[in-house]
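The file final25.txt comes next; it holds compact mmCIF, C-alpha atoms and all ligand atoms.
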# COMPACT_ATOMS: atom_id res chain seq x y z
CA MET A 1 115.95 110.22 86.28
CA LYS A 2 112.49 109.25 87.43
CA PRO A 3 112.35 106.66 90.24
CA LYS A 4 110.48 103.42 89.54
CA GLU A 5 106.92 103.63 90.81
CA ILE A 6 105.64 101.26 93.49
CA LYS A 7 101.94 100.99 92.70
CA ILE A 8 99.49 100.85 95.58
CA LEU A 9 98.49 97.26 94.80
CA GLU A 10 102.12 96.09 94.82
CA LEU A 11 102.93 97.99 98.01
CA ASN A 12 103.61 95.73 100.97
CA ALA A 13 103.65 98.24 103.82
CA GLY A 14 105.58 96.12 106.32
CA LYS A 15 108.27 95.25 103.80
CA PHE A 16 108.48 98.86 102.59
CA ILE A 17 108.93 100.18 106.13
CA ARG A 18 111.63 97.62 106.97
CA GLY A 19 113.45 98.40 103.72
CA LYS A 20 113.35 102.15 104.25
CA VAL A 21 114.48 101.93 107.87
CA GLU A 22 117.47 99.91 106.64
CA GLU A 23 118.16 102.34 103.78
CA ILE A 24 118.09 105.32 106.17
CA LEU A 25 120.40 103.58 108.65
CA LYS A 26 122.82 102.66 105.90
CA THR A 27 122.92 106.14 104.37
CA VAL A 28 123.20 108.04 107.65
CA GLY A 29 125.74 105.59 109.11
CA SER A 30 126.96 106.75 112.48
CA ASN A 31 126.08 110.38 111.74
CA SER A 32 122.86 112.20 112.52
CA ALA A 33 120.08 113.48 110.31
CA ILE A 34 117.49 116.21 110.31
CA THR A 35 113.99 116.47 108.92
CA ALA A 36 111.52 119.31 108.63
CA LEU A 37 107.80 118.90 109.18
CA SER A 38 105.15 120.72 107.29
CA GLY A 39 102.41 118.84 109.12
CA GLY A 40 101.31 117.05 105.95
CA VAL A 41 101.16 113.28 105.64
CA ASP A 42 104.40 113.06 103.58
CA SER A 43 106.63 114.89 106.02
CA VAL A 44 105.05 113.23 109.09
CA THR A 45 105.54 109.78 107.53
CA VAL A 46 109.17 110.52 106.73
CA ALA A 47 109.77 111.80 110.26
CA LEU A 48 108.30 108.57 111.66
CA LEU A 49 110.41 106.38 109.36
CA GLY A 50 113.48 108.41 110.29
CA TYR A 51 112.73 108.20 114.00
CA LYS A 52 112.20 104.46 113.72
CA ALA A 53 115.63 104.15 112.11
CA LEU A 54 117.62 106.70 114.06
CA GLY A 55 115.76 107.54 117.27
CA LYS A 56 117.30 110.60 118.90
CA ARG A 57 119.90 110.85 116.12
CA LEU A 58 117.11 112.39 114.07
CA LYS A 59 116.38 116.03 114.77
CA VAL A 60 112.83 117.00 113.85
CA VAL A 61 112.13 120.66 113.18
CA PHE A 62 109.14 122.68 112.15
CA ILE A 63 110.14 125.79 110.28
CA ASP A 64 107.58 128.48 110.81
CA ASN A 65 107.88 130.35 107.51
CA GLY A 66 104.90 132.59 108.24
CA LEU A 67 103.07 130.99 105.30
CA MET A 68 101.25 128.29 107.28
CA ARG A 69 97.58 127.92 108.03
CA GLU A 70 95.86 129.10 111.22
CA ASN A 71 97.36 127.44 114.36
CA GLU A 72 99.41 125.04 112.22
CA PRO A 73 102.68 125.31 114.20
CA GLN A 74 100.84 124.62 117.49
CA GLU A 75 98.86 121.72 115.98
CA VAL A 76 101.98 120.08 114.58
CA ALA A 77 103.74 120.50 117.93
CA SER A 78 100.92 118.83 119.85
CA MET A 79 100.66 116.02 117.27
CA PHE A 80 104.31 115.18 117.89
CA GLU A 81 103.97 115.54 121.63
CA GLU A 82 101.36 112.78 121.44
CA LEU A 83 103.71 110.66 119.34
CA GLU A 84 106.39 111.37 121.97
CA ILE A 85 108.83 112.63 119.36
CA PRO A 86 110.55 115.88 120.33
CA ILE A 87 110.40 118.70 117.80
CA GLU A 88 111.86 122.17 117.62
CA ILE A 89 109.95 125.12 116.16
CA ILE A 90 112.15 127.58 114.26
CA ASP A 91 110.84 131.08 113.64
CA ALA A 92 111.92 132.00 110.09
CA LYS A 93 109.02 134.31 109.19
CA LYS A 94 111.19 137.35 108.59
CA GLN A 95 113.57 135.56 106.22
CA PHE A 96 110.70 134.30 104.05
CA PHE A 97 108.78 137.57 103.88
CA ASN A 98 111.95 139.53 103.11
CA ALA A 99 112.83 137.11 100.30
CA LEU A 100 109.30 137.18 98.84
CA GLU A 101 109.09 140.97 98.71
CA GLY A 102 108.20 142.14 95.20
CA VAL A 103 108.08 138.61 93.71
CA THR A 104 105.02 138.02 91.54
CA ASN A 105 106.05 135.39 88.97
CA PRO A 106 104.74 131.96 90.10
CA GLU A 107 107.87 129.97 89.31
CA GLN A 108 110.10 132.63 90.80
CA LYS A 109 107.96 132.54 93.95
CA ARG A 110 108.48 128.78 94.20
CA GLU A 111 112.20 129.26 93.61
CA VAL A 112 112.44 131.95 96.31
CA VAL A 113 110.66 129.73 98.86
CA THR A 114 112.98 126.84 97.95
CA GLN A 115 116.15 128.89 98.14
CA THR A 116 115.16 130.53 101.42
CA PHE A 117 114.26 127.17 102.92
CA TYR A 118 117.34 125.27 101.81
CA LYS A 119 120.06 127.87 101.48
CA LYS A 120 119.23 130.35 104.23
CA VAL A 121 117.34 128.44 106.91
CA PHE A 122 118.29 124.79 106.52
CA THR A 123 121.98 125.13 105.79
CA LYS A 124 122.40 127.07 109.04
CA LEU A 125 120.35 124.53 110.99
CA ILE A 126 122.28 121.62 109.55
CA ARG A 127 125.59 123.26 110.34
CA GLU A 128 124.53 123.97 113.91
CA SER A 129 123.17 120.46 114.43
CA GLY A 130 126.12 118.65 112.87
CA ALA A 131 123.71 116.50 110.80
CA LYS A 132 125.00 115.21 107.50
CA CYS A 133 121.70 114.16 105.95
CA LEU A 134 118.33 115.67 105.35
CA LEU A 135 115.33 113.36 105.22
CA GLN A 136 112.51 114.69 103.11
CA GLY A 137 109.08 113.67 101.89
CA THR A 138 109.38 114.09 98.12
CA ILE A 139 106.86 111.85 96.34
CA LEU A 140 106.75 110.60 92.77
CA THR A 141 104.16 113.15 91.61
CA ASP A 142 106.44 116.02 92.75
CA ILE A 143 109.31 114.56 90.71
CA GLU A 144 107.17 113.92 87.63
CA GLU A 145 105.69 117.42 87.55
CA THR A 146 109.13 118.96 87.93
CA ILE A 147 110.64 116.82 85.16
CA ALA A 148 107.67 117.56 82.89
CA GLY A 149 108.20 121.30 83.45
CA ILE A 150 104.69 121.75 84.86
CA LYS A 151 105.74 123.06 88.26
CA ARG A 152 109.10 123.21 89.89
CA GLN A 153 108.24 121.42 93.09
CA HIS A 154 109.76 122.95 96.13
CA ASN A 155 111.71 119.83 97.12
CA VAL A 156 113.08 118.35 93.89
CA PHE A 157 116.78 118.73 93.01
CA LYS A 158 118.51 115.70 91.55
CA GLN A 159 116.12 115.56 88.62
CA LEU A 160 116.95 119.18 87.82
CA GLY A 161 120.66 118.36 87.76
CA ILE A 162 121.28 119.93 91.18
CA ASP A 163 123.53 117.92 93.48
CA PRO A 164 122.32 118.84 96.98
CA GLU A 165 125.62 117.79 98.49
CA LYS A 166 127.45 120.32 96.31
CA ALA A 167 124.74 123.00 96.43
CA PHE A 168 123.92 122.85 100.13
CA GLY A 169 126.56 120.63 101.72
CA TYR A 170 124.34 117.75 102.79
CA LYS A 171 122.84 114.53 101.45
CA ILE A 172 119.12 114.32 100.84
CA ILE A 173 117.30 111.06 101.54
CA GLU A 174 113.85 110.66 99.98
CA PRO A 175 112.23 107.46 101.30
CA LEU A 176 108.87 108.16 99.59
CA ARG A 177 110.16 108.98 96.12
CA GLN A 178 108.61 105.82 94.57
CA LEU A 179 105.16 106.40 96.03
CA ARG A 180 102.14 108.50 95.24
CA LYS A 181 99.84 110.03 97.81
CA ASP A 182 97.70 106.90 98.17
CA GLY A 183 100.84 104.83 98.84
CA VAL A 184 102.07 107.31 101.45
CA ARG A 185 98.71 107.13 103.23
CA LYS A 186 98.98 103.33 103.34
CA ILE A 187 102.45 103.56 104.91
CA ALA A 188 101.30 106.21 107.38
CA LYS A 189 98.45 103.96 108.47
CA ALA A 190 100.78 100.96 108.81
CA LEU A 191 103.11 103.08 110.97
CA GLY A 192 100.22 103.45 113.40
CA LEU A 193 99.52 107.11 112.73
CA PRO A 194 95.97 108.27 113.48
CA LYS A 195 93.38 108.73 110.73
CA SER A 196 93.54 112.51 111.17
CA ILE A 197 97.09 112.26 109.80
CA TYR A 198 96.98 109.50 107.21
CA LYS A 199 93.81 110.96 105.73
CA ARG A 200 95.07 114.52 106.05
CA MET A 201 94.42 116.68 103.04
CA PRO A 202 97.52 117.48 100.92
CA PHE A 203 99.07 120.90 101.42
CA PRO A 204 101.81 122.30 99.17
CA GLY A 205 105.42 122.89 100.22
CA PRO A 206 105.26 126.63 99.43
CA ALA A 207 102.20 126.69 101.74
CA LEU A 208 99.86 129.66 101.51
CA SER A 209 102.25 131.45 99.15
CA ALA A 210 101.01 128.97 96.50
CA ARG A 211 97.51 130.32 97.08
CA ILE A 212 98.28 133.95 96.31
CA ILE A 213 98.42 135.31 92.79
CA GLY A 214 100.75 138.28 92.83
CA GLU A 215 102.92 139.48 95.68
CA VAL A 216 103.04 137.58 98.97
CA THR A 217 103.00 140.02 101.89
CA PRO A 218 102.15 139.45 105.57
CA GLU A 219 98.85 141.31 104.99
CA ARG A 220 97.86 139.17 101.98
CA ILE A 221 98.83 135.99 103.86
CA LYS A 222 96.54 137.09 106.68
CA ILE A 223 93.65 137.36 104.19
CA ILE A 224 94.24 133.96 102.61
CA ARG A 225 94.84 132.34 106.02
CA LYS A 226 91.47 133.55 107.31
CA THR A 227 89.73 132.50 104.09
CA THR A 228 91.42 129.08 104.14
CA ALA A 229 90.17 128.50 107.69
CA ILE A 230 86.59 129.21 106.56
CA VAL A 231 86.87 126.99 103.46
CA GLU A 232 88.42 124.12 105.44
CA GLU A 233 85.74 124.38 108.12
CA GLU A 234 82.84 124.45 105.67
CA LEU A 235 84.16 121.68 103.40
CA LYS A 236 85.59 119.28 105.98
CA GLU A 237 82.63 116.91 105.57
CA SER A 238 82.72 117.08 101.75
CA GLY A 239 84.88 113.96 101.44
CA ALA A 240 86.85 115.73 98.69
CA PHE A 241 90.54 115.01 98.02
CA GLN A 242 91.52 118.65 98.55
CA TYR A 243 89.87 122.04 98.94
CA LEU A 244 91.47 125.44 98.98
CA ALA A 245 91.10 129.15 98.46
CA ILE A 246 93.08 131.44 96.20
CA LEU A 247 93.55 135.17 96.55
CA HIS A 248 93.58 136.83 93.14
CA HIS A 249 95.71 139.76 92.13
CA ASP A 250 92.98 141.67 90.28
CA ARG A 251 90.40 143.67 92.13
CA VAL A 252 86.77 143.93 91.10
CA THR A 253 84.10 146.52 91.67
CA GLY A 254 81.61 145.64 94.37
CA ILE A 255 79.19 147.43 96.68
CA ARG A 256 79.61 147.85 100.40
CA ASP A 257 77.60 150.24 102.58
CA ARG A 258 75.92 151.43 99.36
CA LYS A 259 79.24 152.70 98.03
CA ARG A 260 81.64 151.37 95.43
CA ASP A 261 84.15 148.98 96.94
CA PHE A 262 86.98 148.00 94.62
CA GLY A 263 87.48 144.73 96.42
CA LEU A 264 89.45 141.49 96.55
CA GLN A 265 88.56 138.34 94.65
CA ILE A 266 88.68 134.88 96.15
CA GLU A 267 88.49 131.69 94.13
CA ILE A 268 87.53 128.41 95.78
CA ARG A 269 88.69 125.04 94.43
CA CYS A 270 87.50 121.66 95.61
CA TRP A 271 88.90 118.51 94.00
CA GLU A 272 88.04 114.88 93.47
CA SER A 273 91.23 112.95 92.82
CA VAL A 274 93.02 109.72 93.67
CA ASP A 275 96.65 110.61 93.19
CA ALA A 276 96.66 114.33 92.24
CA ARG A 277 97.76 113.58 88.67
CA THR A 278 94.29 114.34 87.37
CA ALA A 279 91.38 115.88 89.19
CA VAL A 280 87.82 117.07 88.66
CA PRO A 281 85.95 119.73 90.61
CA THR A 282 83.56 118.42 93.26
CA ARG A 283 79.89 119.04 92.43
CA LEU A 284 79.32 120.93 95.65
CA PRO A 285 75.72 121.64 96.64
CA TYR A 286 74.73 125.20 95.83
CA ASP A 287 73.79 126.01 99.44
CA ILE A 288 77.36 125.20 100.55
CA LEU A 289 78.72 127.52 97.88
CA GLU A 290 76.34 130.23 99.06
CA THR A 291 77.40 129.79 102.68
CA LEU A 292 81.03 130.05 101.62
CA ALA A 293 80.38 133.27 99.69
CA LYS A 294 78.44 134.80 102.59
CA ARG A 295 80.96 133.87 105.24
CA ILE A 296 84.00 134.96 103.23
CA THR A 297 82.54 138.34 102.24
CA ASN A 298 81.32 138.96 105.81
CA GLU A 299 84.33 137.69 107.72
CA VAL A 300 87.32 138.51 105.52
CA PRO A 301 87.88 142.25 105.24
CA GLY A 302 88.00 143.64 101.71
CA VAL A 303 86.56 140.67 99.77
CA THR A 304 83.76 141.52 97.33
CA SER A 305 83.83 138.49 95.03
CA VAL A 306 83.92 134.72 95.61
CA THR A 307 84.00 132.30 92.67
CA TYR A 308 84.13 128.51 92.33
CA ASN A 309 86.51 126.83 89.87
CA ILE A 310 84.78 124.43 87.47
CA THR A 311 87.84 123.43 85.43
CA SER A 312 89.38 119.95 85.62
CA LYS A 313 93.09 119.09 85.88
CA PRO A 314 94.34 119.16 83.15
CA PRO A 315 94.27 121.85 81.82
CA SER A 316 93.99 123.39 85.31
CA THR A 317 96.43 122.40 88.06
CA MET A 318 95.18 121.96 91.61
CA GLU A 319 97.04 124.89 93.09
CA ALA A 320 97.04 128.30 91.45
CA ILE A 321 100.78 128.73 91.10
P1 LIG B 401 99.19 120.75 91.29
O1 LIG B 401 98.91 122.18 91.64
O2 LIG B 401 100.57 120.55 90.75
O3 LIG B 401 99.14 119.96 92.67
O4 LIG B 401 98.13 120.14 90.43
C1 LIG B 401 99.14 118.56 92.77
C2 LIG B 401 99.23 118.22 94.25
O5 LIG B 401 100.53 118.54 94.75
C3 LIG B 401 100.42 119.51 95.79
N1 LIG B 401 101.52 120.46 95.57
C4 LIG B 401 102.69 120.39 96.21
N2 LIG B 401 103.13 119.56 97.16
N3 LIG B 401 105.21 120.70 97.18
C5 LIG B 401 104.40 119.72 97.66
O6 LIG B 401 104.80 118.97 98.55
C6 LIG B 401 104.84 121.59 96.24
O7 LIG B 401 105.60 122.47 95.84
C7 LIG B 401 103.51 121.42 95.72
N4 LIG B 401 102.81 122.07 94.79
C8 LIG B 401 101.60 121.47 94.69
C9 LIG B 401 99.05 120.15 95.63
O8 LIG B 401 98.58 120.69 96.84
C10 LIG B 401 98.24 118.99 95.12
O9 LIG B 401 97.81 118.13 96.16
Please render this file's structure as structure tokens.
Ligand code: XMP
Amino acid sequence: MKPKEIKILELNAGKFIRGKVEEILKTVGSNSAITALSGGVDSVTVALLGYKALGKRLKVVFIDNGLMRENEPQEVASMFEELEIPIEIIDAKKQFFNALEGVTNPEQKREVVTQTFYKKVFTKLIRESGAKCLLQGTILTDIEETIAGIKRQHNVFKQLGIDPEKAFGYKIIEPLRQLRKDGVRKIAKALGLPKSIYKRMPFPGPALSARIIGEVTPERIKIIRKTTAIVEEELKESGAFQYLAILHHDRVTGIRDRKRDFGLQIEIRCWESVDARTAVPTRLPYDILETLAKRITNEVPGVTSVTYNITSKPPSTMEAI
């Protein structure tokens, strides 16, 4: 069942925070809980709410799945150092790459990332830590898109008829399930988080694996990671809701050193949106697009084609898988 939405205009941040702290305390009882950070505003907000409720009874982990952006684990670690909340970084790269080997179907890819995260990595962590609950940053849009059969969001279970307690052996608490992204940003701001966090661009749970069409390998992640860094650097002043790069499966003929180069194709997407339910492409100035094409073809080995998506959501979605 879909949770009841709390619209941004009805959202009283102070009341919401007090209510959620109480709800977390009540559900966790005298036990302990665990939460995993992705570095995005949803997971950081949930970690803060959890820490407010439970203090040191909340274990905060960052699972390095090998699918993150450049320097992301280090940046998340220093963000939490500043907040004076201890975190643990778990190296799970091998597990994720092994599980993703040979997987090309988009939904199967999402499923593999989910299963690896929850069944292989998290269940072990939870067992070791003795925690009985997992706090996670599922938001209403994730639930809606899963129910509607658009995308199986990485972190949605109940609505798919999966009881996490039976499937994984722990309870899942979702304090943000009634909010959309704009609501989460309001709560993050009210919690005293810096603008760099509450305004942080959304990033999907399956991370860079959602930006690769076809097989996800360490080599292909390296390509999309480098490209993503360029795109994020060049578009950071664009004011757009979200911008990203996609590595395509097909190759195209290009020319390099006056010879045929059957190279890689990159697609750039840049979105104007309020809540990610609908979106339109940003009308980026042509010189920015040109700079992107030049930098990507010069700096990312093997790329011979860079395109810009001009399709709105719907019928497009924001991510490629
Ligand atoms: P789509 O591609 O569905 O994306 O139009 C809408 C918004 O959701 C983000 N997104 C995700 N976020 N887990 C998340 O936490 C996911 O599995 C996931 N997939 C997409 C996407 O980046 C965009 O902001």
| note | Computed gap from atom C2 of ligand LIG 401 (chain B) to CA of Ile212 (chain A) is 15.9 Å
| Rounded to one decimal in Å, what is the spacing between atom C5 of ligand LIG 401 (chain B) and CA of Asn12 (chain A)? |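 If I compute the distance from atom C5 of ligand LIG 401 (chain B) to CA of Asn12 (chain A), I get 24.2 Å.
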| said: as number ranges by chain, please: every protein or nucleic acid residue near ligand LIG 401 (chain B) (cut-off 7 Å, counting all atoms listed in the file). | reply: A: 138, 142, 145, 151-155, 202-206, 242, 276-277, 313, 317-321
Same residues, C-alpha atoms, saved as a short mmCIF file (atom, residue, chain, number, x, y, z; two decimals), keeping the file's coordinate frame:
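Output file result39.cif follows:
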data_model
loop_
_atom_site.label_atom_id
_atom_site.label_comp_id
_atom_site.auth_asym_id
_atom_site.auth_seq_id
_atom_site.Cartn_x
_atom_site.Cartn_y
_atom_site.Cartn_z
CA THR A 138 109.38 114.09 98.12
CA ASP A 142 106.44 116.02 92.75
CA GLU A 145 105.69 117.42 87.55
CA LYS A 151 105.74 123.06 88.26
CA ARG A 152 109.10 123.21 89.89
CA GLN A 153 108.24 121.42 93.09
CA HIS A 154 109.76 122.95 96.13
CA ASN A 155 111.71 119.83 97.12
CA PRO A 202 97.52 117.48 100.92
CA PHE A 203 99.07 120.90 101.42
CA PRO A 204 101.81 122.30 99.17
CA GLY A 205 105.42 122.89 100.22
CA PRO A 206 105.26 126.63 99.43
CA GLN A 242 91.52 118.65 98.55
CA ALA A 276 96.66 114.33 92.24
CA ARG A 277 97.76 113.58 88.67
CA LYS A 313 93.09 119.09 85.88
CA THR A 317 96.43 122.40 88.06
CA MET A 318 95.18 121.96 91.61
CA GLU A 319 97.04 124.89 93.09
CA ALA A 320 97.04 128.30 91.45
CA ILE A 321 100.78 128.73 91.10
#
| query | Near Ser78 (chain A), within 12 Å and counting all atoms listed in the file, which residues show up once chain neighbours fewer than 4 positions away are dropped, as a PyMOL selection string? | reply | chain A and resi 39+62+71-74+82-89
| field | Residue neighbourhood region 27-32 of chain A, 10 Å, only C-alpha atoms, exclusion window fewer than 2 positions, as a list in words | value | Glu22, Glu23, Ile24, Leu25, Ile34, Ala53, Leu54, Gly55, Lys56, Arg57, Leu58, Lys59, Ile126, Ser129, Gly130, Ala131, Lys132, Cys133, Leu134, Leu135, Lys171, Ile172 and Ile173 of chain A
I'd like the neighbourhood of Gln115 (chain A) as a compact mmCIF listing (two decimals) with C-alpha atoms, keeping the file's coordinate frame, where a residue qualifies if any of its atoms comes within 10 Å (using all atoms listed in the file), though same-chain residues fewer than 5 positions away should be ignored.
# COMPACT_ATOMS: atom_id res chain seq x y z
CA PHE A 96 110.70 134.30 104.05
CA ALA A 99 112.83 137.11 100.30
CA LYS A 109 107.96 132.54 93.95
CA ARG A 110 108.48 128.78 94.20
CA LYS A 120 119.23 130.35 104.23
CA VAL A 121 117.34 128.44 106.91
CA PHE A 122 118.29 124.79 106.52
CA HIS A 154 109.76 122.95 96.13
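Compared by their closest atoms to Pro301 (chain A), and using all atoms listed in the file, the residues A:Glu267, A:Asp91, A:Glu234, A:Glu219 rank with A:Glu219 nearest.
Distance-wise, CA of Leu292 (chain A) and CA of Gly263 (chain A) end up 16.9 Å apart.
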Determine, counting only C-alpha atoms, which protein, DNA and RNA residues have an atom within 7 Å of an atom of Val216 (chain A); residues of the same chain fewer than 5 positions away are not included. Present the result as a short mmCIF file (atom, residue, chain, number, x, y, z; two decimals) with C-alpha atoms, in the coordinates of the input.
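File produced: part_16.cif:
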data_model
loop_
_atom_site.label_atom_id
_atom_site.label_comp_id
_atom_site.auth_asym_id
_atom_site.auth_seq_id
_atom_site.Cartn_x
_atom_site.Cartn_y
_atom_site.Cartn_z
CA LEU A 100 109.30 137.18 98.84
CA GLU A 101 109.09 140.97 98.71
CA SER A 209 102.25 131.45 99.15
CA ILE A 221 98.83 135.99 103.86
#
| request: Determine the nearest neighbour of Ala47 (chain A) from the options A:Pro106, A:Gly254, A:Gly137, A:Gly19, counting all atoms listed in the file. | output: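 So, comparing all the options, the nearest one is A:Gly137.
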Within 12 Å of (119.8, 117.7, 91.6) (coordinates as in the file), grab all the protein and nucleic acid residues, counting all atoms listed in the file, and write them out as a PDB file with C-alpha atoms, in the coordinates of the input.
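result38.pdb was written with the following content:
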ATOM      1  CA  MET A   1     115.950 110.220  86.280  1.00  0.00           C
ATOM      2  CA  LYS A   2     112.490 109.250  87.430  1.00  0.00           C
ATOM      3  CA  ILE A 143     109.310 114.560  90.710  1.00  0.00           C
ATOM      4  CA  THR A 146     109.130 118.960  87.930  1.00  0.00           C
ATOM      5  CA  ILE A 147     110.640 116.820  85.160  1.00  0.00           C
ATOM      6  CA  ASN A 155     111.710 119.830  97.120  1.00  0.00           C
ATOM      7  CA  VAL A 156     113.080 118.350  93.890  1.00  0.00           C
ATOM      8  CA  PHE A 157     116.780 118.730  93.010  1.00  0.00           C
ATOM      9  CA  LYS A 158     118.510 115.700  91.550  1.00  0.00           C
ATOM     10  CA  GLN A 159     116.120 115.560  88.620  1.00  0.00           C
ATOM     11  CA  LEU A 160     116.950 119.180  87.820  1.00  0.00           C
ATOM     12  CA  GLY A 161     120.660 118.360  87.760  1.00  0.00           C
ATOM     13  CA  ILE A 162     121.280 119.930  91.180  1.00  0.00           C
ATOM     14  CA  ASP A 163     123.530 117.920  93.480  1.00  0.00           C
ATOM     15  CA  PRO A 164     122.320 118.840  96.980  1.00  0.00           C
ATOM     16  CA  GLU A 165     125.620 117.790  98.490  1.00  0.00           C
ATOM     17  CA  LYS A 166     127.450 120.320  96.310  1.00  0.00           C
ATOM     18  CA  ALA A 167     124.740 123.000  96.430  1.00  0.00           C
ATOM     19  CA  PHE A 168     123.920 122.850 100.130  1.00  0.00           C
ATOM     20  CA  LYS A 171     122.840 114.530 101.450  1.00  0.00           C
ATOM     21  CA  ILE A 172     119.120 114.320 100.840  1.00  0.00           C
TER      22      ILE A 172
END
| query | Which residues come within 8 Å of Phe262 (chain A), counting all atoms listed in the file, excluding same-chain residues fewer than 6 positions away, as an MDAnalysis selection string? | reply | chainID A and resid 251:254 304
| task | Taking the point (89.9, 121.6, 87.3) as given in the file, collect each protein or nucleic acid residue that comes within 6 Å of it, counting only C-alpha atoms, and present the set as a VMD selection string. | result | chain A and resid 280 to 281 310 to 313 316
Please produce an output containing C-alpha atoms for each residue in the selection, written as an mmCIF file, keeping the file's coordinate frame.
data_model
loop_
_atom_site.group_PDB
_atom_site.id
_atom_site.type_symbol
_atom_site.label_atom_id
_atom_site.label_comp_id
_atom_site.auth_asym_id
_atom_site.auth_seq_id
_atom_site.Cartn_x
_atom_site.Cartn_y
_atom_site.Cartn_z
ATOM 1 C CA VAL A 280 87.820 117.070 88.660
ATOM 2 C CA PRO A 281 85.950 119.730 90.610
ATOM 3 C CA ILE A 310 84.780 124.430 87.470
ATOM 4 C CA THR A 311 87.840 123.430 85.430
ATOM 5 C CA SER A 312 89.380 119.950 85.620
ATOM 6 C CA LYS A 313 93.090 119.090 85.880
ATOM 7 C CA SER A 316 93.990 123.390 85.310
#
| query | Taking only C-alpha atoms into account, which of A:Lys20, A:Gln265, A:Phe80, A:Lys26 comes nearest Ser38 (chain A)? | reply | A:Phe80
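In this comparison, which uses all atoms listed in the file, the residue of A:Thr104, A:Thr45, A:Thr35, A:Thr116 approaching Pro194 (chain A) most closely is A:Thr45.
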